[in-house]
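Novice: Quick one, work.tsv (TSV, C-alpha atoms):
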```
chain	number	residue	atom	x	y	z
A	1	MET	CA	-9.05	20.84	51.51
A	2	ALA	CA	-12.19	21.44	49.44
A	3	ILE	CA	-15.55	21.77	51.17
A	4	GLU	CA	-18.67	21.69	49.07
A	5	ALA	CA	-21.05	24.52	49.91
A	6	ASN	CA	-24.76	23.80	50.12
A	7	THR	CA	-26.99	26.63	48.98
A	8	ALA	CA	-30.25	24.86	49.82
A	9	SER	CA	-32.46	26.60	52.32
A	10	GLY	CA	-33.79	24.87	55.38
A	11	SER	CA	-36.14	25.86	58.16
A	12	GLY	CA	-35.94	25.50	61.89
A	13	ALA	CA	-32.99	25.08	64.21
A	14	ARG	CA	-31.53	21.84	65.39
A	15	VAL	CA	-31.67	21.06	69.10
A	16	ALA	CA	-28.32	19.86	70.44
A	17	GLY	CA	-28.40	16.12	70.98
A	18	ALA	CA	-31.73	15.81	69.17
A	19	PRO	CA	-32.85	12.17	69.02
A	20	GLN	CA	-33.17	10.26	65.80
A	21	ALA	CA	-36.92	10.13	66.42
A	22	MET	CA	-37.07	13.64	64.95
A	23	VAL	CA	-37.14	11.93	61.55
A	24	THR	CA	-40.64	11.91	60.10
A	25	ALA	CA	-42.55	8.77	60.99
A	26	GLY	CA	-42.28	6.18	58.24
A	27	ALA	CA	-39.16	7.76	56.74
A	28	ALA	CA	-36.73	5.17	58.13
A	29	LEU	CA	-35.65	2.42	55.75
A	30	PRO	CA	-36.80	-1.18	55.90
A	31	THR	CA	-34.68	-3.04	58.45
A	32	GLN	CA	-33.81	-5.81	55.98
A	33	GLN	CA	-31.95	-3.42	53.69
A	34	ARG	CA	-28.22	-3.94	54.07
A	35	LEU	CA	-26.06	-0.92	54.92
A	36	ARG	CA	-23.33	-0.25	52.37
A	37	LEU	CA	-19.98	1.43	53.03
A	38	GLY	CA	-18.22	3.77	50.62
A	39	PHE	CA	-15.43	6.30	50.57
A	40	LEU	CA	-15.11	9.44	48.48
A	41	THR	CA	-11.99	11.19	47.22
A	42	ARG	CA	-11.55	14.47	45.40
A	43	LEU	CA	-7.99	13.42	44.48
A	44	GLU	CA	-6.45	16.36	46.30
A	45	VAL	CA	-3.74	14.53	48.24
A	46	GLY	CA	-0.34	14.43	46.54
A	47	LYS	CA	2.64	16.56	45.61
A	48	ASP	CA	1.42	16.87	42.00
A	49	ALA	CA	-1.29	15.49	39.71
A	50	ALA	CA	0.52	12.22	39.00
A	51	ASP	CA	1.06	11.56	42.70
A	52	SER	CA	-2.57	12.41	43.51
A	53	TYR	CA	-3.86	9.99	40.87
A	54	ARG	CA	-1.43	7.26	41.97
A	55	PHE	CA	-2.50	7.58	45.59
A	56	ALA	CA	-6.20	7.60	44.70
A	57	LEU	CA	-5.73	4.32	42.83
A	58	GLU	CA	-3.95	2.94	45.90
A	59	MET	CA	-6.95	3.95	48.01
A	60	PHE	CA	-9.23	1.94	45.73
A	61	ALA	CA	-6.98	-1.12	46.00
A	62	VAL	CA	-6.79	-0.87	49.80
A	63	ALA	CA	-10.54	-0.29	50.14
A	64	ASP	CA	-11.20	-3.27	47.87
A	65	GLU	CA	-9.22	-5.50	50.23
A	66	LEU	CA	-10.97	-4.03	53.29
A	67	GLY	CA	-14.40	-4.88	51.90
A	68	PHE	CA	-15.73	-1.40	51.08
A	69	ASP	CA	-18.77	-1.58	48.81
A	70	THR	CA	-17.97	1.49	46.70
A	71	GLY	CA	-15.17	3.93	46.01
A	72	TRP	CA	-16.54	7.27	44.82
A	73	ILE	CA	-14.71	10.04	42.95
A	74	ALA	CA	-15.68	13.67	42.43
A	75	GLN	CA	-15.24	15.33	39.05
A	76	HIS	CA	-14.08	18.96	39.02
A	77	HIS	CA	-12.78	21.09	36.18
A	78	PHE	CA	-9.95	23.61	36.46
A	79	LEU	CA	-7.89	24.74	39.44
A	80	ASN	CA	-10.74	26.45	41.26
A	81	GLY	CA	-10.35	25.32	44.87
A	82	ASP	CA	-12.30	22.09	44.60
A	83	GLY	CA	-11.16	18.67	43.40
A	84	ARG	CA	-8.40	17.72	41.00
A	85	LEU	CA	-10.01	15.24	38.58
A	86	PRO	CA	-11.55	16.52	35.32
A	87	SER	CA	-12.06	13.07	33.71
A	88	ALA	CA	-13.93	10.55	35.83
A	89	PHE	CA	-14.34	7.59	33.48
A	90	PRO	CA	-10.68	7.10	32.45
A	91	PHE	CA	-9.76	7.09	36.13
A	92	LEU	CA	-12.43	4.51	36.97
A	93	ALA	CA	-11.27	2.32	34.08
A	94	ALA	CA	-7.81	2.33	35.67
A	95	ALA	CA	-9.32	1.56	39.08
A	96	ALA	CA	-11.30	-1.33	37.58
A	97	GLU	CA	-8.09	-2.98	36.45
A	98	ARG	CA	-6.54	-2.69	39.93
A	99	THR	CA	-9.50	-4.07	41.90
A	100	ARG	CA	-11.71	-7.15	41.86
A	101	ARG	CA	-15.04	-6.39	43.56
A	102	ILE	CA	-15.42	-2.82	44.83
A	103	GLY	CA	-18.04	-0.64	43.16
A	104	LEU	CA	-16.82	2.32	41.10
A	105	GLY	CA	-18.82	5.49	41.67
A	106	THR	CA	-18.99	9.01	40.25
A	107	ALA	CA	-20.06	11.63	42.78
A	108	ILE	CA	-20.67	13.40	40.60
A	109	VAL	CA	-20.36	13.97	36.86
A	110	THR	CA	-21.79	17.44	36.15
A	111	LEU	CA	-24.16	16.46	33.38
A	112	PRO	CA	-24.98	19.90	31.85
A	113	LEU	CA	-21.27	20.31	31.08
A	114	GLU	CA	-21.15	17.06	29.10
A	115	ASP	CA	-22.62	15.50	25.97
A	116	PRO	CA	-25.05	12.98	27.52
A	117	VAL	CA	-24.52	10.47	24.72
A	118	ARG	CA	-20.78	10.50	25.39
A	119	VAL	CA	-21.46	10.11	29.12
A	120	ALA	CA	-23.60	7.07	28.32
A	121	GLU	CA	-20.88	5.61	26.06
A	122	ASP	CA	-18.12	6.10	28.63
A	123	ALA	CA	-20.29	4.79	31.46
A	124	ALA	CA	-21.28	1.67	29.52
A	125	PHE	CA	-17.62	1.05	28.64
A	126	VAL	CA	-16.49	1.25	32.28
A	127	ASP	CA	-19.44	-0.87	33.42
A	128	THR	CA	-18.57	-3.52	30.83
A	129	LEU	CA	-14.86	-3.44	31.64
A	130	SER	CA	-15.56	-3.80	35.38
A	131	SER	CA	-18.19	-6.55	35.04
A	132	GLY	CA	-21.06	-4.35	36.17
A	133	ARG	CA	-19.45	-2.41	39.03
A	134	LEU	CA	-20.23	1.17	38.00
A	135	GLN	CA	-22.43	3.40	40.17
A	136	LEU	CA	-23.32	6.40	37.99
A	137	GLY	CA	-23.78	9.58	40.01
A	138	LEU	CA	-24.92	12.66	38.08
A	139	GLY	CA	-25.84	16.21	39.02
A	140	PRO	CA	-26.65	19.65	37.60
A	141	GLY	CA	-23.65	21.40	39.15
A	142	GLY	CA	-23.71	25.17	39.54
A	143	ASP	CA	-20.22	26.69	39.66
A	144	PRO	CA	-20.49	29.86	37.50
A	145	LEU	CA	-16.77	29.91	36.64
A	146	THR	CA	-16.76	26.36	35.31
A	147	PHE	CA	-19.93	26.86	33.26
A	148	ALA	CA	-18.57	30.09	31.77
A	149	ALA	CA	-15.18	28.57	30.95
A	150	LEU	CA	-16.85	25.69	29.12
A	151	GLY	CA	-19.32	27.95	27.34
A	152	ARG	CA	-22.44	26.58	29.05
A	153	ASP	CA	-25.42	28.45	30.48
A	154	VAL	CA	-25.50	27.94	34.24
A	155	LYS	CA	-29.11	29.18	34.38
A	156	ALA	CA	-30.24	26.34	32.10
A	157	ARG	CA	-28.45	23.61	34.04
A	158	ARG	CA	-31.52	22.00	35.62
A	159	GLU	CA	-33.30	21.60	32.30
A	160	ALA	CA	-30.13	20.28	30.65
A	161	HIS	CA	-29.65	17.81	33.50
A	162	ALA	CA	-33.20	16.46	33.27
A	163	GLU	CA	-32.94	16.08	29.48
A	164	GLY	CA	-29.53	14.41	29.81
A	165	ILE	CA	-30.80	11.83	32.31
A	166	GLU	CA	-33.47	10.71	29.85
A	167	ILE	CA	-31.00	10.51	26.95
A	168	ILE	CA	-28.58	8.42	29.03
A	169	ARG	CA	-31.29	6.01	30.19
A	170	ASN	CA	-32.46	5.40	26.63
A	171	ALA	CA	-28.96	5.00	25.23
A	172	LEU	CA	-27.89	2.52	27.91
A	173	VAL	CA	-30.72	0.11	27.07
A	174	GLY	CA	-30.11	0.27	23.32
A	175	LYS	CA	-32.76	2.70	22.12
A	176	PRO	CA	-31.99	4.78	19.00
A	177	ILE	CA	-29.90	7.89	19.62
A	178	ASN	CA	-31.45	11.34	19.10
A	179	GLY	CA	-34.04	10.18	16.58
A	180	THR	CA	-31.52	8.43	14.33
A	181	ASP	CA	-30.81	4.76	13.62
A	182	ALA	CA	-27.66	4.89	15.75
A	183	ILE	CA	-27.48	2.35	18.58
A	184	MET	CA	-24.84	2.66	21.27
A	185	TYR	CA	-22.18	-0.04	21.66
A	186	PRO	CA	-21.67	-1.46	24.16
A	187	THR	CA	-24.96	-1.02	25.93
A	188	SER	CA	-25.45	-1.62	29.66
A	189	PRO	CA	-29.09	-2.49	30.23
A	190	THR	CA	-28.81	-2.83	34.03
A	191	LEU	CA	-26.92	0.42	34.64
A	192	PRO	CA	-30.09	2.59	34.78
A	193	GLU	CA	-30.80	0.76	38.05
A	194	ARG	CA	-27.52	2.19	39.38
A	195	ILE	CA	-28.03	5.85	38.46
A	196	TRP	CA	-27.81	8.34	41.33
A	197	GLU	CA	-28.58	12.06	41.36
A	198	ALA	CA	-27.40	14.88	43.61
A	199	THR	CA	-29.43	17.90	44.61
A	200	PHE	CA	-29.49	20.80	47.07
A	201	SER	CA	-33.25	21.38	46.94
A	202	ILE	CA	-36.44	19.78	48.22
A	203	GLU	CA	-37.88	19.93	44.70
A	204	GLY	CA	-34.80	18.11	43.43
A	205	GLY	CA	-35.24	15.39	46.06
A	206	ALA	CA	-38.84	14.89	44.97
A	207	ARG	CA	-37.84	14.72	41.29
A	208	ILE	CA	-35.14	12.12	41.98
A	209	GLY	CA	-37.69	10.01	43.83
A	210	GLN	CA	-40.07	10.29	40.88
A	211	ASN	CA	-37.23	9.19	38.60
A	212	GLY	CA	-36.62	6.12	40.74
A	213	ASN	CA	-32.91	6.94	41.05
A	214	GLY	CA	-30.65	6.97	44.11
A	215	LEU	CA	-30.21	10.19	46.08
A	216	LEU	CA	-26.73	11.52	46.89
A	217	VAL	CA	-26.62	14.12	49.66
A	218	SER	CA	-23.46	16.22	49.97
A	219	LYS	CA	-21.09	16.30	52.90
A	220	THR	CA	-21.63	19.78	54.19
A	221	ALA	CA	-23.72	22.86	54.45
A	222	ALA	CA	-20.82	24.98	55.66
A	223	THR	CA	-22.23	28.28	54.41
A	224	SER	CA	-25.78	27.57	55.57
A	225	GLY	CA	-27.13	28.84	58.87
A	226	ASP	CA	-28.23	25.31	59.80
A	227	PRO	CA	-26.27	22.05	60.14
A	228	ALA	CA	-26.07	19.82	57.08
A	229	ASP	CA	-28.54	17.21	58.32
A	230	VAL	CA	-31.17	19.84	59.21
A	231	VAL	CA	-30.91	21.31	55.71
A	232	GLN	CA	-30.98	17.90	54.04
A	233	LEU	CA	-33.71	16.20	56.08
A	234	PRO	CA	-36.65	17.63	54.07
A	235	ILE	CA	-34.80	16.78	50.84
A	236	ALA	CA	-34.47	13.15	51.91
A	237	GLU	CA	-38.08	13.01	53.11
A	238	ALA	CA	-39.32	14.38	49.77
A	239	TYR	CA	-37.23	11.76	47.97
A	240	LEU	CA	-38.59	8.86	50.01
A	241	ARG	CA	-42.17	10.13	49.75
A	242	GLU	CA	-42.12	10.46	45.96
A	243	LEU	CA	-40.22	7.21	45.49
A	244	GLY	CA	-42.91	5.41	47.48
A	245	ASN	CA	-45.66	7.04	45.42
A	246	ARG	CA	-44.25	6.02	42.03
A	247	PRO	CA	-46.63	3.91	39.96
A	248	GLY	CA	-45.62	0.39	38.99
A	249	PRO	CA	-43.23	-1.98	40.75
A	250	LYS	CA	-41.75	-0.67	43.97
A	251	VAL	CA	-38.15	0.54	43.82
A	252	ALA	CA	-35.95	0.12	46.88
A	253	PRO	CA	-34.67	3.45	48.22
A	254	ARG	CA	-31.00	4.31	47.77
A	255	LEU	CA	-29.77	7.18	49.90
A	256	GLY	CA	-26.03	7.87	49.89
A	257	LEU	CA	-25.07	9.91	52.95
A	258	SER	CA	-21.82	11.72	52.16
A	259	ARG	CA	-20.01	13.03	55.23
A	260	SER	CA	-16.49	14.07	56.16
A	261	VAL	CA	-15.16	11.30	58.39
A	262	TYR	CA	-11.71	10.96	59.89
A	263	VAL	CA	-10.85	8.17	62.31
A	264	ALA	CA	-7.66	8.17	64.39
A	265	ALA	CA	-6.30	6.63	67.57
A	266	ASP	CA	-7.86	9.39	69.66
A	267	HIS	CA	-9.52	12.80	69.50
A	268	ARG	CA	-6.30	14.75	70.00
A	269	SER	CA	-4.44	12.94	67.22
A	270	ALA	CA	-7.32	13.52	64.83
A	271	ARG	CA	-7.28	17.26	65.52
A	272	GLU	CA	-3.52	17.45	65.06
A	273	HIS	CA	-3.84	15.75	61.66
A	274	MET	CA	-6.69	17.98	60.49
A	275	ASP	CA	-6.15	21.42	62.04
A	276	PRO	CA	-3.75	22.81	59.39
A	277	GLY	CA	-6.04	21.90	56.51
A	278	VAL	CA	-9.24	23.03	58.22
A	279	SER	CA	-7.62	26.35	59.12
A	280	LYS	CA	-6.47	26.86	55.52
A	281	TRP	CA	-9.96	26.10	54.21
A	282	MET	CA	-11.54	28.46	56.73
A	283	GLN	CA	-9.27	31.33	55.71
A	284	SER	CA	-10.00	30.76	52.00
A	285	MET	CA	-13.74	30.83	52.65
A	286	ILE	CA	-13.38	34.03	54.71
A	287	ARG	CA	-11.51	35.63	51.80
A	288	ARG	CA	-14.35	34.63	49.45
A	289	GLY	CA	-16.83	36.24	51.83
A	290	THR	CA	-18.76	33.01	52.44
A	291	LEU	CA	-17.78	32.77	56.13
A	292	PRO	CA	-17.63	35.56	58.73
A	293	ALA	CA	-14.22	37.13	59.33
A	294	ASP	CA	-14.34	36.49	63.09
A	295	LEU	CA	-15.05	32.74	62.76
A	296	SER	CA	-12.97	30.63	65.13
A	297	LEU	CA	-11.41	27.28	64.27
A	298	GLU	CA	-13.83	25.53	66.65
A	299	GLU	CA	-16.77	27.15	64.89
A	300	ALA	CA	-15.34	26.08	61.54
A	301	TYR	CA	-15.34	22.46	62.69
A	302	SER	CA	-18.99	22.70	63.69
A	303	ARG	CA	-19.92	24.27	60.35
A	304	ILE	CA	-18.31	21.64	58.13
A	305	PRO	CA	-19.00	19.30	60.15
A	306	ILE	CA	-16.43	16.50	60.47
A	307	HIS	CA	-17.13	13.25	62.28
A	308	PHE	CA	-13.73	12.62	63.77
A	309	GLY	CA	-11.75	11.13	66.64
A	310	HIS	CA	-11.57	7.70	68.24
A	311	PRO	CA	-13.73	5.04	66.51
A	312	GLU	CA	-16.32	5.14	69.31
A	313	GLU	CA	-16.60	8.94	68.99
A	314	VAL	CA	-17.14	8.64	65.25
A	315	VAL	CA	-19.84	5.98	65.68
A	316	THR	CA	-21.77	8.12	68.16
A	317	SER	CA	-21.40	11.22	66.00
A	318	LEU	CA	-22.68	9.51	62.85
A	319	GLN	CA	-25.61	7.94	64.68
A	320	GLY	CA	-26.70	11.44	65.71
A	321	ASP	CA	-27.10	12.54	62.08
A	322	LEU	CA	-30.79	13.13	61.33
A	323	LEU	CA	-30.46	11.28	58.01
A	324	TRP	CA	-28.85	8.21	59.53
A	325	PRO	CA	-32.11	6.16	59.82
A	326	MET	CA	-32.68	6.70	56.07
A	327	THR	CA	-29.15	5.89	54.93
A	328	THR	CA	-28.46	2.92	52.67
A	329	GLU	CA	-24.82	3.82	51.94
A	330	LEU	CA	-22.44	5.76	54.18
A	331	ILE	CA	-20.00	7.62	51.91
A	332	CYS	CA	-17.01	8.87	53.86
A	333	GLN	CA	-14.75	11.61	52.60
A	334	VAL	CA	-11.66	10.33	54.35
A	335	GLN	CA	-9.28	13.25	53.85
A	336	PRO	CA	-10.75	16.29	55.64
A	337	GLY	CA	-8.07	18.73	56.68
A	338	ALA	CA	-4.56	17.76	55.60
A	339	PRO	CA	-3.64	14.30	56.86
A	340	THR	CA	-0.81	12.41	55.20
A	341	GLN	CA	-1.35	9.57	52.75
A	342	ALA	CA	-0.40	7.03	55.44
A	343	GLN	CA	-2.86	8.60	57.90
A	344	ILE	CA	-5.65	8.48	55.32
A	345	LEU	CA	-5.06	4.77	54.67
A	346	LYS	CA	-5.12	4.14	58.43
A	347	SER	CA	-8.42	5.99	58.68
A	348	LEU	CA	-9.83	3.76	55.91
A	349	GLU	CA	-8.74	0.71	57.86
A	350	LEU	CA	-10.32	1.92	61.11
A	351	LEU	CA	-13.53	2.75	59.25
A	352	ALA	CA	-13.83	-0.78	57.87
A	353	THR	CA	-12.67	-2.67	60.94
A	354	GLN	CA	-14.13	-0.67	63.84
A	355	VAL	CA	-16.53	2.12	62.90
A	356	ALA	CA	-18.69	0.57	60.18
A	357	PRO	CA	-19.16	-2.81	61.97
A	358	ALA	CA	-20.39	-0.93	65.05
A	359	LEU	CA	-22.94	0.79	62.79
A	360	GLY	CA	-24.25	-2.54	61.51
A	361	TRP	CA	-22.21	-2.91	58.32
A	362	ARG	CA	-20.68	-6.19	57.19
A	363	PRO	CA	-18.56	-6.80	54.09
A	364	VAL	CA	-20.38	-8.52	51.24
A	365	GLU	CA	-18.25	-11.66	51.42
A	366	ALA	CA	-18.77	-11.89	55.19
A	367	VAL	CA	-22.53	-11.59	54.70
A	368	ALA	CA	-22.48	-14.31	52.04
A	369	THR	CA	-20.39	-16.61	54.25
A	370	ARG	CA	-22.68	-16.13	57.23
A	371	GLY	CA	-25.76	-16.81	55.12
A	372	ALA	CA	-24.29	-20.08	53.84
A	373	ALA	CA	-23.36	-21.31	57.33
```
Once more with this new file: its structure as structure tokens, please.
Specialist:
Amino acid sequence: MAIEANTASGSGARVAGAPQAMVTAGAALPTQQRLRLGFLTRLEVGKDAADSYRFALEMFAVADELGFDTGWIAQHHFLNGDGRLPSAFPFLAAAAERTRRIGLGTAIVTLPLEDPVRVAEDAAFVDTLSSGRLQLGLGPGGDPLTFAALGRDVKARREAHAEGIEIIRNALVGKPINGTDAIMYPTSPTLPERIWEATFSIEGGARIGQNGNGLLVSKTAATSGDPADVVQLPIAEAYLRELGNRPGPKVAPRLGLSRSVYVAADHRSAREHMDPGVSKWMQSMIRRGTLPADLSLEEAYSRIPIHFGHPEEVVTSLQGDLLWPMTTELICQVQPGAPTQAQILKSLELLATQVAPALGWRPVEAVATRGAA
């Protein structure tokens, strides 16, 4: 089980059971904006790499049938305790051929580790192959080991990310590459409207709003002193503020709320499925020195946090997230802990059939049918 640490700093403490009204006035999204449903996998579940990749493709096929809007994958290099997929675009090309309508998202490609022109080429290829289904999530990253192993300067990652975003935007719409006469083929002129960025800072949230891109907020703030939503609330507010202040035509906000979500028949079953994996993660973080040695399993659950249990429990838990009123896409990491492949697929089904509808989500085809009636 990999949990993404959030090093952003936040202020203030969250009051237990705090109402959603704590969100800054005017920060909630327009009511006419349709909620989207996504899932995220780090491709960790499987007896080996081949089995992990096979199962992840099965998840995309199942989610496609269930009506999910997007399947998201996380890119990670090396065997460093995080995900198990170093190459995002070849995987999404395979997923495109096994699905018919689900969006194909990267959450994220670490841009400073890549050649931005090659990212643009691969992204345009997948977008073309999938008939415009790519959602391109990018971020600056920050793992020192990965940057060192690939010979990149981790201290220069923010500047490299900003420069890479601009290069990708220009290449996708057919502008000359790096001051030469080279033009990318194929291009994907609408893909810049589907670029997302991830950040752990308020300044990053403001910059993403100024860029007019979507904002991806990570699942957890496990090593922070505050809960994830308390840390991320000012980031989201900065994003919405700057997006609204952009000159020119208004751009609809896109805020992808990534959370660990596990739905089961009841609370007890969910804990039984997750406890071994959560305990293993907790011990690894204690060994790294990022969690206190005397942390209990219950405290670990509150630090992650995981929205889990019976569908009604999960609905109530998600609605209590301070970022919920701003969310345009709920992105569920559906394998917290160590559930089996069958249990993960069941959780996906319960998400689409019970949890998400109670939150106001409807599959695209159901929305279209209702509108035509």
Novice: Have a look at A:Ala228, A:Gly256, A:Tyr185, A:Pro357 and name the one nearest to Ser302 in chain A; count only C-alpha atoms.
Specialist: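 Once distances to Ser302 in chain A are computed over only C-alpha atoms, the minimum belongs to A:Ala228.
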Novice: Which one is closest to Gln210 in chain A: A:Leu57, A:Ala162, A:Val355, A:Leu43? Count only C-alpha atoms.
Specialist: A:Ala162
Novice: Between A:Ala61, A:Phe125, A:Gly320, A:Glu159, which residue has the minimum interatomic distance to Pro227 in chain A, considering only C-alpha atoms?
Specialist: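 Looking only at the distances to Pro227 in chain A, the closest residue turns out to be A:Gly320.
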Novice: When distances are computed from all atoms listed in the file, which of A:Leu243, A:Ile183, A:Ala342, A:Ile102 shows the smallest separation from Gly67 in chain A?
Specialist: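 Once distances to Gly67 in chain A are computed over all atoms listed in the file, the minimum belongs to A:Ile102.
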Novice: Would you compute the distance between CA of Asp275 in chain A and CA of Glu65 in chain A? Give it in Å to one decimal.
Specialist: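 Rounded to one decimal, the two atoms are 29.6 Å apart.
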Novice: With distances taken over all atoms listed in the file, which residue among A:Leu330, A:Leu172, A:Val261, A:Leu291 lies nearest Pro305 in chain A?
Specialist: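 Residue with the minimum atom-to-atom distance to Pro305 in chain A: A:Val261.
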Novice: Write out, as CSV, each residue of range 31-149 of chain A that has an atom at most 10 Å from range 344-354 of chain A, together with the closest pair of atoms and their distance in Å to one decimal, counting only C-alpha atoms, rows going by chain and rising number.
Specialist:
```
residue,atom,partner,partner_atom,distance
A:Leu37,CA,A:Ala352,CA,8.1
A:Gly38,CA,A:Ala352,CA,9.6
A:Phe39,CA,A:Leu348,CA,8.1
A:Val45,CA,A:Ile344,CA,9.5
A:Phe55,CA,A:Leu345,CA,9.8
A:Glu58,CA,A:Leu345,CA,9.0
A:Met59,CA,A:Leu345,CA,7.0
A:Val62,CA,A:Leu345,CA,7.6
A:Ala63,CA,A:Leu348,CA,7.1
A:Glu65,CA,A:Glu349,CA,9.8
A:Leu66,CA,A:Ala352,CA,6.3
A:Gly67,CA,A:Ala352,CA,7.3
A:Phe68,CA,A:Ala352,CA,7.1
```
Novice: Enter the distance from CA of Glu365 in chain A to CA of Glu97 in chain A, in Å, rounded to one decimal.
Specialist: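 These two atoms are separated by 20.1 Å.
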Novice: Set the distance at 9 Å and use only C-alpha atoms: which residues neighbour Thr128 in chain A once local chain neighbours fewer than 6 positions away are removed? I'd like the list as a PDB file with C-alpha atoms, in the coordinates of the input.
Specialist:
```
ATOM      1  CA  LEU A 134     -20.230   1.170  38.000  1.00  0.00           C
ATOM      2  CA  PRO A 186     -21.670  -1.460  24.160  1.00  0.00           C
ATOM      3  CA  THR A 187     -24.960  -1.020  25.930  1.00  0.00           C
ATOM      4  CA  SER A 188     -25.450  -1.620  29.660  1.00  0.00           C
TER       5      SER A 188
END
```
Novice: With all atoms listed in the file as the atoms that count, which of A:Thr99, A:Thr190, A:Ser258, A:Gln335 lies nearest to Leu215 in chain A?
Specialist: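 Checking each of A:Thr99, A:Thr190, A:Ser258, A:Gln335 against Leu215 in chain A, counting all atoms listed in the file, the winner is A:Ser258.
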Novice: To one decimal place in Å, what is the distance between CA of Ala160 in chain A and CA of Arg118 in chain A?
Specialist: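 A separation of 14.5 Å between them.
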Novice: Give me the residues near range 233-240 of chain A as a ChimeraX atom specification, where near means some atom within 6 Å (using all atoms listed in the file) and where sequence neighbours in that chain fewer than 4 positions away do not count.
Specialist: /A:202,205-206,209,229
Novice: Need to verify the contact set: range 313-316 of chain A, 8 Å, all atoms listed in the file, exclusion of same-chain residues closer than 2 positions in sequence. Can you return it as an NGL selection string?
Specialist: :A and (261-263 or 307-311 or 318-320 or 355-356 or 358-359)
Novice: Could you write out the selected residues, including C-alpha atoms, as a CSV table (one decimal), keeping the file's coordinate frame?
Specialist:
```csv
chain,number,residue,atom,x,y,z
A,261,VAL,CA,-15.2,11.3,58.4
A,262,TYR,CA,-11.7,11.0,59.9
A,263,VAL,CA,-10.8,8.2,62.3
A,307,HIS,CA,-17.1,13.2,62.3
A,308,PHE,CA,-13.7,12.6,63.8
A,309,GLY,CA,-11.8,11.1,66.6
A,310,HIS,CA,-11.6,7.7,68.2
A,311,PRO,CA,-13.7,5.0,66.5
A,318,LEU,CA,-22.7,9.5,62.8
A,319,GLN,CA,-25.6,7.9,64.7
A,320,GLY,CA,-26.7,11.4,65.7
A,355,VAL,CA,-16.5,2.1,62.9
A,356,ALA,CA,-18.7,0.6,60.2
A,358,ALA,CA,-20.4,-0.9,65.0
A,359,LEU,CA,-22.9,0.8,62.8
```
Novice: Hey, could you pull the box centre and edge lengths for range 339-357 of chain A, axis-aligned, 8 Å padding per side, all listed atoms, to one decimal in Å, as lines of an AutoDock Vina configuration file?
Specialist:
```
center_x = -9.8
center_y = 5.7
center_z = 58.3
size_x = 34.8
size_y = 33.1
size_z = 27.1
```
